[in-house]
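This is input_15.txt (compact mmCIF, C-alpha atoms).
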# COMPACT_ATOMS: atom_id res chain seq x y z
CA MET A 13 -40.94 53.72 -39.90
CA SER A 14 -43.30 53.54 -42.88
CA PRO A 15 -47.09 53.09 -42.55
CA ASN A 16 -46.84 49.39 -43.36
CA GLY A 17 -44.43 48.90 -40.52
CA ALA A 18 -41.32 48.29 -42.57
CA ASP A 19 -38.13 50.22 -41.93
CA VAL A 20 -37.12 52.60 -44.64
CA PRO A 21 -33.39 53.31 -44.70
CA GLU A 22 -32.17 56.89 -44.62
CA PHE A 23 -30.88 58.20 -47.90
CA GLY A 24 -27.14 58.15 -48.12
CA LEU A 25 -24.44 57.45 -50.65
CA SER A 26 -22.29 54.42 -49.94
CA ASP A 27 -18.57 54.98 -49.44
CA ASN A 28 -17.94 53.16 -52.72
CA ILE A 29 -20.15 55.60 -54.61
CA LYS A 30 -18.65 58.60 -52.80
CA ARG A 31 -15.15 57.59 -53.92
CA ILE A 32 -16.29 57.16 -57.53
CA LEU A 33 -17.94 60.59 -57.45
CA GLY A 34 -14.67 62.05 -56.16
CA VAL A 35 -12.73 60.50 -59.06
CA LEU A 36 -15.22 61.87 -61.59
CA ARG A 37 -15.24 65.39 -60.15
CA THR A 38 -11.44 65.49 -60.05
CA ALA A 39 -11.37 64.39 -63.70
CA ASP A 40 -13.64 67.28 -64.74
CA LEU A 41 -16.61 64.95 -65.15
CA ALA A 42 -18.85 66.63 -62.59
CA TRP A 43 -21.91 66.29 -64.84
CA MET A 44 -21.54 62.51 -64.69
CA ALA A 45 -21.06 62.56 -60.93
CA ASP A 46 -24.23 64.63 -60.59
CA GLU A 47 -26.11 62.16 -62.77
CA ILE A 48 -25.00 59.25 -60.61
CA GLU A 49 -25.94 61.11 -57.45
CA GLN A 50 -29.37 61.89 -58.87
CA ALA A 51 -29.89 58.28 -59.99
CA THR A 52 -29.08 56.95 -56.52
CA LEU A 53 -31.43 59.50 -54.95
CA ASP A 54 -34.15 58.57 -57.45
CA GLN A 55 -33.79 54.92 -56.64
CA TRP A 56 -34.02 55.66 -52.92
CA VAL A 57 -37.18 57.75 -53.42
CA ALA A 58 -38.62 54.94 -55.53
CA TYR A 59 -37.73 52.42 -52.84
CA ARG A 60 -39.29 54.56 -50.11
CA GLU A 61 -42.48 55.11 -52.11
CA PHE A 62 -42.63 51.45 -52.97
CA ARG A 63 -42.72 50.68 -49.29
CA MET A 64 -45.36 53.30 -48.56
CA SER A 65 -48.08 53.13 -51.17
CA ASP A 66 -49.91 50.51 -53.21
CA GLU A 67 -50.30 53.00 -56.02
CA ALA A 68 -46.59 53.74 -55.99
CA ARG A 69 -45.88 50.02 -55.89
CA GLU A 70 -47.90 49.53 -59.05
CA PHE A 71 -46.22 52.51 -60.68
CA LEU A 72 -42.76 51.40 -59.65
CA SER A 73 -43.27 47.83 -60.73
CA VAL A 74 -42.31 48.97 -64.22
CA ILE A 75 -38.84 49.94 -63.03
CA PRO A 76 -36.29 47.16 -63.34
CA GLU A 77 -35.84 45.94 -59.80
CA ARG A 78 -32.09 46.36 -59.86
CA TYR A 79 -32.51 50.11 -60.07
CA TRP A 80 -34.52 50.50 -56.92
CA ASP A 81 -32.99 47.94 -54.65
CA ASN A 82 -29.35 48.66 -55.37
CA SER A 83 -28.01 52.17 -55.71
CA GLU A 84 -24.51 50.87 -56.37
CA PHE A 85 -25.81 49.01 -59.41
CA ALA A 86 -27.38 52.23 -60.68
CA ALA A 87 -24.04 54.01 -60.28
CA LEU A 88 -22.08 51.27 -62.05
CA ALA A 89 -24.63 51.09 -64.85
CA ILE A 90 -24.06 54.79 -65.55
CA LEU A 91 -20.29 54.24 -65.66
CA TRP A 92 -20.93 51.43 -68.14
CA ASP A 93 -23.10 53.69 -70.31
CA TYR A 94 -20.54 56.43 -70.64
CA PHE A 95 -17.19 54.64 -70.44
CA ILE A 96 -18.04 51.43 -72.29
CA GLU A 97 -21.28 51.82 -74.23
CA ALA A 98 -20.40 55.26 -75.66
CA ASN A 99 -17.16 53.84 -77.09
CA ASP A 100 -19.01 50.77 -78.40
CA LEU A 101 -21.57 53.06 -80.08
CA TRP A 102 -18.81 54.98 -81.85
CA SER A 103 -17.15 51.77 -83.07
CA ALA A 104 -20.46 50.20 -84.13
CA ALA A 105 -21.53 53.38 -85.96
CA HIS A 106 -18.28 53.45 -87.91
CA LYS A 107 -18.52 49.77 -88.83
CA GLN A 108 -22.18 50.00 -89.88
CA LEU A 109 -21.50 53.06 -92.02
CA VAL A 110 -18.47 51.46 -93.70
CA ASP A 111 -20.57 48.38 -94.50
CA ALA A 112 -23.69 50.26 -95.62
CA LEU A 113 -21.74 52.67 -97.82
CA ASN A 114 -19.45 49.89 -98.99
CA ASP A 115 -16.46 52.16 -98.45
CA PRO A 116 -13.67 50.54 -96.38
CA ALA A 117 -11.73 53.83 -96.42
CA LEU A 118 -14.61 55.86 -94.95
CA GLU A 119 -13.62 58.10 -92.03
CA VAL A 120 -16.22 59.33 -89.56
CA ALA A 121 -15.45 62.47 -87.58
CA LEU A 122 -17.09 64.87 -85.14
CA GLU A 123 -16.40 68.58 -85.40
CA LEU A 124 -17.59 71.72 -83.66
CA PRO A 125 -19.63 74.15 -85.77
CA GLY A 126 -17.30 76.36 -87.79
CA SER A 127 -14.30 74.13 -87.14
CA ASP A 128 -12.50 71.86 -89.57
CA ARG A 129 -10.63 69.97 -86.87
CA ALA A 130 -11.96 66.60 -85.71
CA GLU A 131 -12.76 66.40 -82.00
CA MET A 132 -10.93 63.69 -80.09
CA ILE A 133 -13.62 61.61 -78.39
CA PHE A 134 -11.52 58.71 -77.15
CA HIS A 135 -7.76 58.32 -77.29
CA PRO A 136 -6.68 55.79 -79.95
CA GLN A 137 -5.80 53.14 -77.37
CA TYR A 138 -9.01 53.67 -75.39
CA ARG A 139 -10.69 50.45 -76.46
CA GLU A 140 -7.67 48.41 -75.52
CA ASN A 141 -7.24 50.31 -72.26
CA SER A 142 -10.88 49.90 -71.29
CA ARG A 143 -10.81 46.10 -71.41
CA VAL A 144 -9.97 45.73 -67.73
CA PHE A 145 -12.63 48.25 -66.75
CA ARG A 146 -15.19 46.42 -68.89
CA ARG A 147 -14.33 43.13 -67.21
CA LEU A 148 -14.53 44.65 -63.73
CA LEU A 149 -17.95 46.17 -64.40
CA VAL A 150 -19.28 42.87 -65.71
CA GLU A 151 -17.91 41.17 -62.61
CA ALA A 152 -19.59 43.77 -60.40
CA MET A 153 -22.86 43.54 -62.36
CA PRO A 154 -23.38 40.00 -63.63
CA GLU A 155 -26.94 41.09 -64.50
CA LEU A 156 -25.44 43.31 -67.17
CA ALA A 157 -23.80 40.44 -69.02
CA ALA A 158 -27.03 38.48 -68.71
CA GLU A 159 -28.98 41.37 -70.22
CA GLY A 160 -27.08 41.02 -73.46
CA THR A 161 -28.41 37.51 -73.84
CA SER A 162 -31.90 38.13 -72.44
CA MET B 24 -10.35 33.11 -45.94
CA THR B 25 -11.51 36.17 -47.88
CA SER B 26 -15.08 37.24 -47.17
CA THR B 27 -17.57 38.28 -49.85
CA LYS B 28 -17.46 41.76 -48.37
CA ASP B 29 -13.66 41.94 -48.77
CA THR B 30 -13.89 40.67 -52.33
CA ARG B 31 -16.49 43.31 -53.15
CA ALA B 32 -14.36 46.04 -51.57
CA ALA B 33 -11.35 44.91 -53.60
CA LEU B 34 -13.45 44.98 -56.75
CA TRP B 35 -14.60 48.54 -56.07
CA ALA B 36 -11.00 49.58 -55.41
CA GLN B 37 -9.96 48.17 -58.79
CA ILE B 38 -12.88 49.92 -60.48
CA GLU B 39 -11.77 53.19 -58.90
CA THR B 40 -8.17 52.71 -60.10
CA GLU B 41 -9.20 51.89 -63.67
CA LEU B 42 -11.72 54.73 -63.73
CA LYS B 43 -8.96 57.23 -62.95
CA LYS B 44 -6.97 55.99 -65.96
CA LEU B 45 -9.91 55.94 -68.36
CA ALA B 46 -11.29 59.32 -67.37
CA ALA B 47 -8.05 60.88 -68.60
CA ALA B 48 -8.26 59.03 -71.92
CA ALA B 49 -11.78 60.06 -72.82
CA PRO B 50 -11.82 63.79 -73.59
CA GLY B 51 -15.12 63.26 -75.38
CA LEU B 52 -16.83 62.62 -72.08
CA LYS B 53 -16.10 66.07 -70.65
CA SER B 54 -19.46 67.16 -71.96
CA LYS B 55 -22.70 65.21 -71.75
CA ALA B 56 -23.56 66.39 -75.26
CA LYS B 57 -20.88 64.21 -76.83
CA PRO B 58 -22.15 60.75 -75.78
CA GLU B 59 -25.60 61.92 -76.89
CA LYS B 60 -24.19 62.85 -80.29
CA LEU B 61 -22.46 59.46 -80.55
CA TYR B 62 -25.84 57.81 -79.99
CA GLU B 63 -27.41 59.90 -82.78
CA ILE B 64 -24.66 58.83 -85.17
CA PHE B 65 -25.10 55.22 -84.12
CA VAL B 66 -28.84 55.44 -84.82
CA LEU B 67 -28.11 57.08 -88.19
CA SER B 68 -25.80 54.17 -89.01
CA CYS B 69 -28.63 51.73 -88.19
CA ILE B 70 -30.85 53.58 -90.67
CA ALA B 71 -28.08 53.42 -93.28
CA ARG B 72 -27.89 49.68 -92.66
CA ALA B 73 -31.67 49.34 -93.08
CA LEU B 74 -31.60 51.34 -96.32
CA ARG B 75 -28.82 49.17 -97.68
CA SER B 76 -30.81 46.06 -96.80
CA ILE B 77 -33.70 47.21 -98.99
CA GLY B 78 -31.45 47.75 -101.98
CA ALA B 79 -30.61 51.43 -101.70
CA SER B 80 -27.15 52.63 -102.65
CA LEU B 81 -25.49 55.03 -100.28
CA GLU B 82 -22.69 57.55 -100.60
CA ALA B 83 -21.04 59.93 -98.11
CA ARG B 84 -21.34 63.63 -98.99
CA ASP B 85 -19.91 66.72 -97.35
CA SER B 86 -22.13 69.61 -96.24
CA LYS B 87 -21.87 71.16 -99.73
CA ASP B 88 -23.15 67.93 -101.33
CA PHE B 89 -19.80 66.78 -102.75
CA PRO B 90 -18.82 63.10 -102.52
CA THR B 91 -16.32 62.51 -99.73
CA SER B 92 -14.61 59.70 -97.89
CA LYS B 93 -14.73 61.68 -94.63
CA LEU B 94 -18.19 61.92 -93.14
CA VAL B 95 -18.17 64.85 -90.72
CA PHE B 96 -20.89 65.27 -88.12
CA ARG B 97 -21.21 68.50 -86.18
CA PHE B 98 -22.38 69.40 -82.70
CA GLY B 99 -25.34 71.70 -82.36
CA PRO B 100 -28.22 72.31 -84.71
CA GLY B 101 -27.19 72.93 -88.30
CA LEU B 102 -28.79 74.82 -91.15
CA ILE B 103 -28.77 72.82 -94.37
CA HIS B 104 -27.59 75.82 -96.39
CA SER B 105 -24.76 76.72 -93.99
CA PRO B 106 -21.72 74.51 -94.72
CA THR B 107 -19.97 75.49 -91.47
CA THR B 108 -22.85 74.41 -89.23
CA ALA B 109 -24.38 71.57 -91.27
CA SER B 110 -23.09 68.03 -90.95
CA GLY B 111 -22.08 65.86 -93.82
CA PHE B 112 -24.79 63.41 -94.82
CA VAL B 113 -25.48 60.15 -96.58
CA HIS B 114 -26.89 60.41 -100.09
CA VAL B 115 -29.42 57.64 -100.69
CA ALA B 116 -30.53 56.39 -104.11
CA ARG B 117 -33.37 53.91 -104.42
CA GLY B 118 -34.85 53.30 -107.85
CA LYS B 119 -35.35 56.69 -109.43
CA SER B 120 -35.66 58.48 -106.10
CA ASN B 121 -32.93 60.18 -104.11
CA TYR B 122 -32.82 61.21 -100.47
CA GLU B 123 -30.45 62.63 -97.88
CA LEU B 124 -29.95 60.97 -94.51
CA GLN B 125 -29.17 63.94 -92.27
CA ASN B 126 -28.17 64.51 -88.64
CA GLY B 127 -29.00 67.55 -86.53
CA VAL B 128 -30.50 69.61 -89.32
CA ARG B 129 -33.18 72.22 -88.67
CA VAL B 130 -36.48 71.69 -90.44
CA ARG B 131 -39.61 73.81 -90.52
CA GLY B 132 -42.54 72.07 -88.86
CA GLY B 133 -46.22 72.37 -89.80
CA SER B 134 -46.53 75.50 -87.65
CA GLY B 135 -43.63 77.18 -89.44
CA VAL B 136 -41.36 76.84 -86.40
CA LEU B 137 -37.84 75.45 -86.96
CA HIS B 138 -37.01 72.20 -85.15
CA GLU B 139 -33.69 70.40 -84.93
CA LEU B 140 -34.23 66.78 -85.97
CA ASP B 141 -31.74 64.30 -84.56
CA VAL B 142 -31.92 62.12 -87.66
CA CYS B 143 -34.12 62.54 -90.71
CA LEU B 144 -34.48 61.52 -94.33
CA ILE B 145 -35.17 64.38 -96.74
CA ASP B 146 -36.10 64.34 -100.43
CA ALA B 147 -32.79 65.10 -102.17
CA LYS B 148 -34.24 67.53 -104.73
CA ALA B 149 -35.84 69.60 -102.01
CA ALA B 150 -32.68 69.51 -99.89
CA SER B 151 -30.58 70.63 -102.84
CA LYS B 152 -32.97 73.50 -103.56
CA CYS B 153 -32.81 74.58 -99.91
CA ARG B 154 -29.00 74.50 -100.05
CA SER B 155 -28.92 76.67 -103.17
CA ASN B 156 -31.54 79.18 -102.06
CA GLY B 157 -30.75 79.54 -98.35
CA LEU B 158 -34.00 77.91 -97.25
CA GLU B 159 -34.93 75.37 -94.60
CA PRO B 160 -36.55 72.06 -95.53
CA LYS B 161 -40.27 71.78 -94.81
CA SER B 162 -42.11 69.04 -92.97
CA SER B 163 -43.68 67.79 -96.23
CA GLN B 164 -40.19 67.02 -97.57
CA ILE B 165 -39.30 64.70 -94.70
CA ARG B 166 -39.73 60.92 -95.08
CA LEU B 167 -38.50 59.77 -91.68
CA LEU B 168 -37.87 61.42 -88.34
CA VAL B 169 -35.98 59.84 -85.45
CA GLU B 170 -35.40 61.37 -82.03
CA CYS B 171 -32.55 59.82 -80.06
CA LYS B 172 -32.18 59.74 -76.27
CA PHE B 173 -29.04 58.28 -74.73
CA LEU B 174 -29.65 58.32 -71.01
CA GLY B 175 -27.76 57.36 -67.89
CA LYS B 176 -30.88 57.47 -65.75
CA PRO B 177 -32.78 54.19 -65.44
CA ARG B 178 -36.04 55.36 -67.03
CA ILE B 179 -36.95 57.76 -69.79
CA PRO B 180 -38.47 60.81 -68.09
CA LEU B 181 -42.07 61.54 -69.01
CA GLU B 182 -41.18 65.04 -70.21
CA LEU B 183 -39.11 63.55 -73.04
CA GLY B 184 -42.21 61.65 -74.16
CA ARG B 185 -44.25 64.85 -74.06
CA GLU B 186 -41.53 66.66 -76.02
CA PHE B 187 -41.57 63.94 -78.68
CA VAL B 188 -45.37 64.05 -78.98
CA GLY B 189 -45.18 67.82 -79.51
CA LEU B 190 -42.52 67.41 -82.18
CA GLY B 191 -44.47 64.59 -83.83
CA ALA B 192 -47.53 66.85 -84.13
CA GLU B 193 -45.46 69.12 -86.37
CA PHE B 194 -44.74 66.31 -88.84
CA SER B 195 -47.42 64.20 -90.56
CA LEU B 196 -45.32 61.14 -91.21
CA ARG B 197 -45.64 57.38 -91.11
CA ILE B 198 -42.15 56.91 -89.68
CA LYS B 199 -41.55 59.03 -86.61
CA THR B 200 -39.92 57.20 -83.77
CA LEU B 201 -38.29 57.78 -80.42
CA VAL B 202 -35.17 55.66 -79.93
CA SER B 203 -33.42 55.24 -76.61
CA ASN B 204 -31.03 52.98 -74.73
CA ARG B 205 -33.57 53.06 -71.90
CA GLU B 206 -37.29 52.34 -71.67
CA SER B 207 -40.50 53.55 -70.07
CA PRO B 208 -43.96 51.99 -70.36
CA GLU B 209 -45.52 55.38 -69.64
CA VAL B 210 -43.64 57.10 -72.45
CA HIS B 211 -44.46 54.15 -74.72
CA ALA B 212 -48.19 54.58 -73.98
CA LEU B 213 -48.03 58.33 -74.57
CA VAL B 214 -46.10 58.11 -77.84
CA VAL B 215 -48.20 55.31 -79.33
CA LYS B 216 -51.45 57.04 -78.38
CA HIS B 217 -50.35 60.07 -80.39
CA GLY B 218 -49.37 58.23 -83.56
CA GLY B 219 -45.66 57.76 -82.93
CA THR B 220 -43.59 54.67 -82.33
CA GLU B 221 -40.73 53.84 -80.01
CA ASN B 222 -37.67 51.64 -80.22
CA PHE B 223 -36.54 51.48 -76.62
CA ARG B 224 -33.54 49.56 -75.25
CA THR B 225 -31.69 49.99 -78.53
CA THR B 226 -28.16 49.55 -77.29
CA THR B 227 -25.05 47.76 -78.51
CA LEU B 228 -25.26 45.72 -75.31
CA ILE B 229 -28.35 43.94 -76.68
CA GLU B 230 -27.55 43.04 -80.27
CA LYS B 231 -30.93 41.46 -80.93
CA ASN B 232 -32.62 44.80 -80.15
CA VAL B 233 -30.37 46.60 -82.63
CA ASN B 234 -31.23 43.98 -85.26
CA ARG B 235 -34.93 44.30 -84.43
CA PHE B 236 -34.68 48.09 -84.87
CA VAL B 237 -32.91 47.74 -88.23
CA ASN B 238 -35.48 45.21 -89.46
CA TRP B 239 -38.34 47.41 -88.32
CA LEU B 240 -36.81 50.37 -90.16
CA ALA B 241 -36.32 48.31 -93.31
CA ASN B 242 -39.99 47.24 -93.31
CA GLU B 243 -41.19 50.79 -92.74
CA LEU B 244 -38.86 52.32 -95.32
CA ARG B 245 -40.08 49.83 -97.94
CA GLN B 246 -43.56 51.31 -97.47
CA VAL B 247 -42.62 54.97 -97.86
CA LEU B 248 -39.71 55.15 -100.33
Write the structure described by the file as structure tokens, please.
Amino acid sequence: MSPNGADVPEFGLSDNIKRILGVLRTADLAWMADEIEQATLDQWVAYREFRMSDEAREFLSVIPERYWDNSEFAALAILWDYFIEANDLWSAAHKQLVDALNDPALEVALELPGSDRAEMIFHPQYRENSRVFRRLLVEAMPELAAEGTS
Amino acid sequence: MTSTKDTRAALWAQIETELKKLAAAAPGLKSKAKPEKLYEIFVLSCIARALRSIGASLEARDSKDFPTSKLVFRFGPGLIHSPTTASGFVHVARGKSNYELQNGVRVRGGSGVLHELDVCLIDAKAASKCRSNGLEPKSSQIRLLVECKFLGKPRIPLELGREFVGLGAEFSLRIKTLVSNRESPEVHALVVKHGGTENFRTTTLIEKNVNRFVNWLANELRQVL
């Protein structure tokens, strides 16, 4: 029980988040799983502090509410960043460079130092294959779609 | 009748199924460094767009300064005079002046220490001289400096703001900015107090913010080029 009399829930990952973390770790994406775990812990700490201190409340008021009252949102937002936004960034960068350099044949590639072989970032069909995932994330986070028009 | 709880559970199950498929099709996500690099290249492309909008002409060059139609960016900090570590760049011509829009190149700060700059604009003559003589560019030869932070966490950690302020102190420039897909009022206050600027929430998800960033860059670049 917090000093102001309100119950503060124990920290714990929801089963939904646990399953997602399992998928990521199996797919050799442990760094992303760790980031999600940390984000959900951070939001819980923020929530707890919010309930316990006026100073913390003022400090935390700058955090978008969705991040401290919904750990599942925080987890999904991270999936969006890496599985959707990262691919969008790559596409947008290519398009902006083609336009700015006025060179429709321009290729953009990423290579390791000392290598002359382009790194595969996303498989060629990734954008097409990610459409369902994009739709599901928007359905799970309607706030996200709204953000684009805010 | 299906309850909201059941619908939500079904949605999470679908997300899990699709995630398994996508994780296998995104080798670039095996390392956190790669999405961060994609963000740097995106930001560089916004600067290219801003330069074009103020009448500059742009051309892709390889790391040896030859025109190319394949713009190669490299992971890790690069030395401008080392073709195997340096990225390709965008040659910029505006009026009688020429510049290089570079990614991940190491530049000597005011203290003499080398710093990797995520994105910067260097005087082309100076860059060419460095390439020929095995030297690093100096802070006085830089016209723009942009630090890029692509974050999964909800807020920009304060230490990144402190890091940017330290870097900014090494470069006496009008245009030095911290760009991120996230935001933080604290980091904003810190950066602005120390003569920098920020362009937070610059993400493809919010097109108007990308346009605002490009317009801001165009206005600033008009003043310094």
Chain B residues within 7 Å of chain A, counting all atoms listed in the file: which ones, as an MDAnalysis selection string?
chainID B and resid 35 38:39 41 43 45:51 53 58 61:62 64:65 68:69 71:72 75 81:82 92:98 107:108 175:177 227:229
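One finds CA of Leu174 (chain B) at 22.8 Å from CA of Gly101 (chain B).
Take CA of Glu209 (chain B) and CA of Glu182 (chain B): the distance between them is 10.6 Å.
Comparing the minimum interatomic distances between Val57 (chain A) and each of A:Gly24, A:Lys30, A:Arg37, A:Met153, counting all atoms listed in the file, we find that A:Gly24 sits nearest.
Among the candidate residues B:Asn156, B:Ser163, B:Ser54, B:Thr200, the one lying nearest to Val215 (chain B) is B:Thr200, with distances computed using all atoms listed in the file.
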Considering all atoms listed in the file, return as a ChimeraX atom specification whatever protein or nucleic-acid residues lie within 6 Å of Val115 (chain B), sequence-local ones (same chain, fewer than 6 positions apart) excluded.
/B:80-81,121-123
Å distance separating CA of Val142 (chain B) from CA of Ala192 (chain B), one decimal place:
16.7 Å
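Among the candidate residues B:Lys161, B:Lys152, B:Arg224, B:Lys172, the one lying nearest to Val128 (chain B) is B:Lys161, with distances computed using all atoms listed in the file.
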I need region 92-140 of chain A written out with C-alpha atoms, as a PDB file, in the first residue's frame; please produce it.
ATOM      1  CA  TRP A  92       6.487  -1.168 -34.055  1.00  0.00           C
ATOM      2  CA  ASP A  93       9.746   0.798 -33.879  1.00  0.00           C
ATOM      3  CA  TYR A  94      11.943  -2.069 -34.960  1.00  0.00           C
ATOM      4  CA  PHE A  95       9.729  -4.173 -37.227  1.00  0.00           C
ATOM      5  CA  ILE A  96       7.746  -1.426 -38.950  1.00  0.00           C
ATOM      6  CA  GLU A  97       9.404   1.952 -38.423  1.00  0.00           C
ATOM      7  CA  ALA A  98      12.941   0.709 -39.182  1.00  0.00           C
ATOM      8  CA  ASN A  99      11.755  -0.640 -42.542  1.00  0.00           C
ATOM      9  CA  ASP A 100       9.827   2.579 -43.227  1.00  0.00           C
ATOM     10  CA  LEU A 101      12.974   4.599 -42.437  1.00  0.00           C
ATOM     11  CA  TRP A 102      14.997   2.590 -44.938  1.00  0.00           C
ATOM     12  CA  SER A 103      12.361   3.037 -47.663  1.00  0.00           C
ATOM     13  CA  ALA A 104      11.907   6.742 -46.915  1.00  0.00           C
ATOM     14  CA  ALA A 105      15.675   7.339 -46.895  1.00  0.00           C
ATOM     15  CA  HIS A 106      16.036   5.697 -50.286  1.00  0.00           C
ATOM     16  CA  LYS A 107      13.158   7.671 -51.770  1.00  0.00           C
ATOM     17  CA  GLN A 108      14.362  11.002 -50.365  1.00  0.00           C
ATOM     18  CA  LEU A 109      17.889  10.403 -51.645  1.00  0.00           C
ATOM     19  CA  VAL A 110      16.667   9.405 -55.120  1.00  0.00           C
ATOM     20  CA  ASP A 111      14.569  12.577 -55.268  1.00  0.00           C
ATOM     21  CA  ALA A 112      17.197  14.924 -53.812  1.00  0.00           C
ATOM     22  CA  LEU A 113      19.968  13.576 -56.049  1.00  0.00           C
ATOM     23  CA  ASN A 114      17.599  13.350 -58.996  1.00  0.00           C
ATOM     24  CA  ASP A 115      18.946   9.893 -59.774  1.00  0.00           C
ATOM     25  CA  PRO A 116      16.208   7.258 -60.239  1.00  0.00           C
ATOM     26  CA  ALA A 117      18.873   4.542 -60.588  1.00  0.00           C
ATOM     27  CA  LEU A 118      20.534   5.366 -57.258  1.00  0.00           C
ATOM     28  CA  GLU A 119      21.189   2.340 -55.041  1.00  0.00           C
ATOM     29  CA  VAL A 120      21.682   2.738 -51.301  1.00  0.00           C
ATOM     30  CA  ALA A 121      23.559   0.016 -49.445  1.00  0.00           C
ATOM     31  CA  LEU A 122      24.963  -0.742 -46.005  1.00  0.00           C
ATOM     32  CA  GLU A 123      28.298  -2.516 -45.684  1.00  0.00           C
ATOM     33  CA  LEU A 124      30.577  -3.564 -42.862  1.00  0.00           C
ATOM     34  CA  PRO A 125      33.953  -1.795 -42.663  1.00  0.00           C
ATOM     35  CA  GLY A 126      36.405  -3.449 -45.040  1.00  0.00           C
ATOM     36  CA  SER A 127      33.669  -5.341 -46.866  1.00  0.00           C
ATOM     37  CA  ASP A 128      32.357  -4.750 -50.363  1.00  0.00           C
ATOM     38  CA  ARG A 129      29.250  -6.864 -49.869  1.00  0.00           C
ATOM     39  CA  ALA A 130      25.953  -5.158 -49.031  1.00  0.00           C
ATOM     40  CA  GLU A 131      24.368  -6.271 -45.763  1.00  0.00           C
ATOM     41  CA  MET A 132      20.864  -7.673 -46.057  1.00  0.00           C
ATOM     42  CA  ILE A 133      18.713  -5.623 -43.688  1.00  0.00           C
ATOM     43  CA  PHE A 134      15.274  -6.850 -44.705  1.00  0.00           C
ATOM     44  CA  HIS A 135      14.396  -9.612 -47.126  1.00  0.00           C
ATOM     45  CA  PRO A 136      13.052  -8.247 -50.441  1.00  0.00           C
ATOM     46  CA  GLN A 137       9.478  -9.248 -49.638  1.00  0.00           C
ATOM     47  CA  TYR A 138       9.634  -7.874 -46.098  1.00  0.00           C
ATOM     48  CA  ARG A 139       7.448  -4.844 -46.729  1.00  0.00           C
ATOM     49  CA  GLU A 140       4.754  -6.958 -48.301  1.00  0.00           C
TER      50      GLU A 140
END
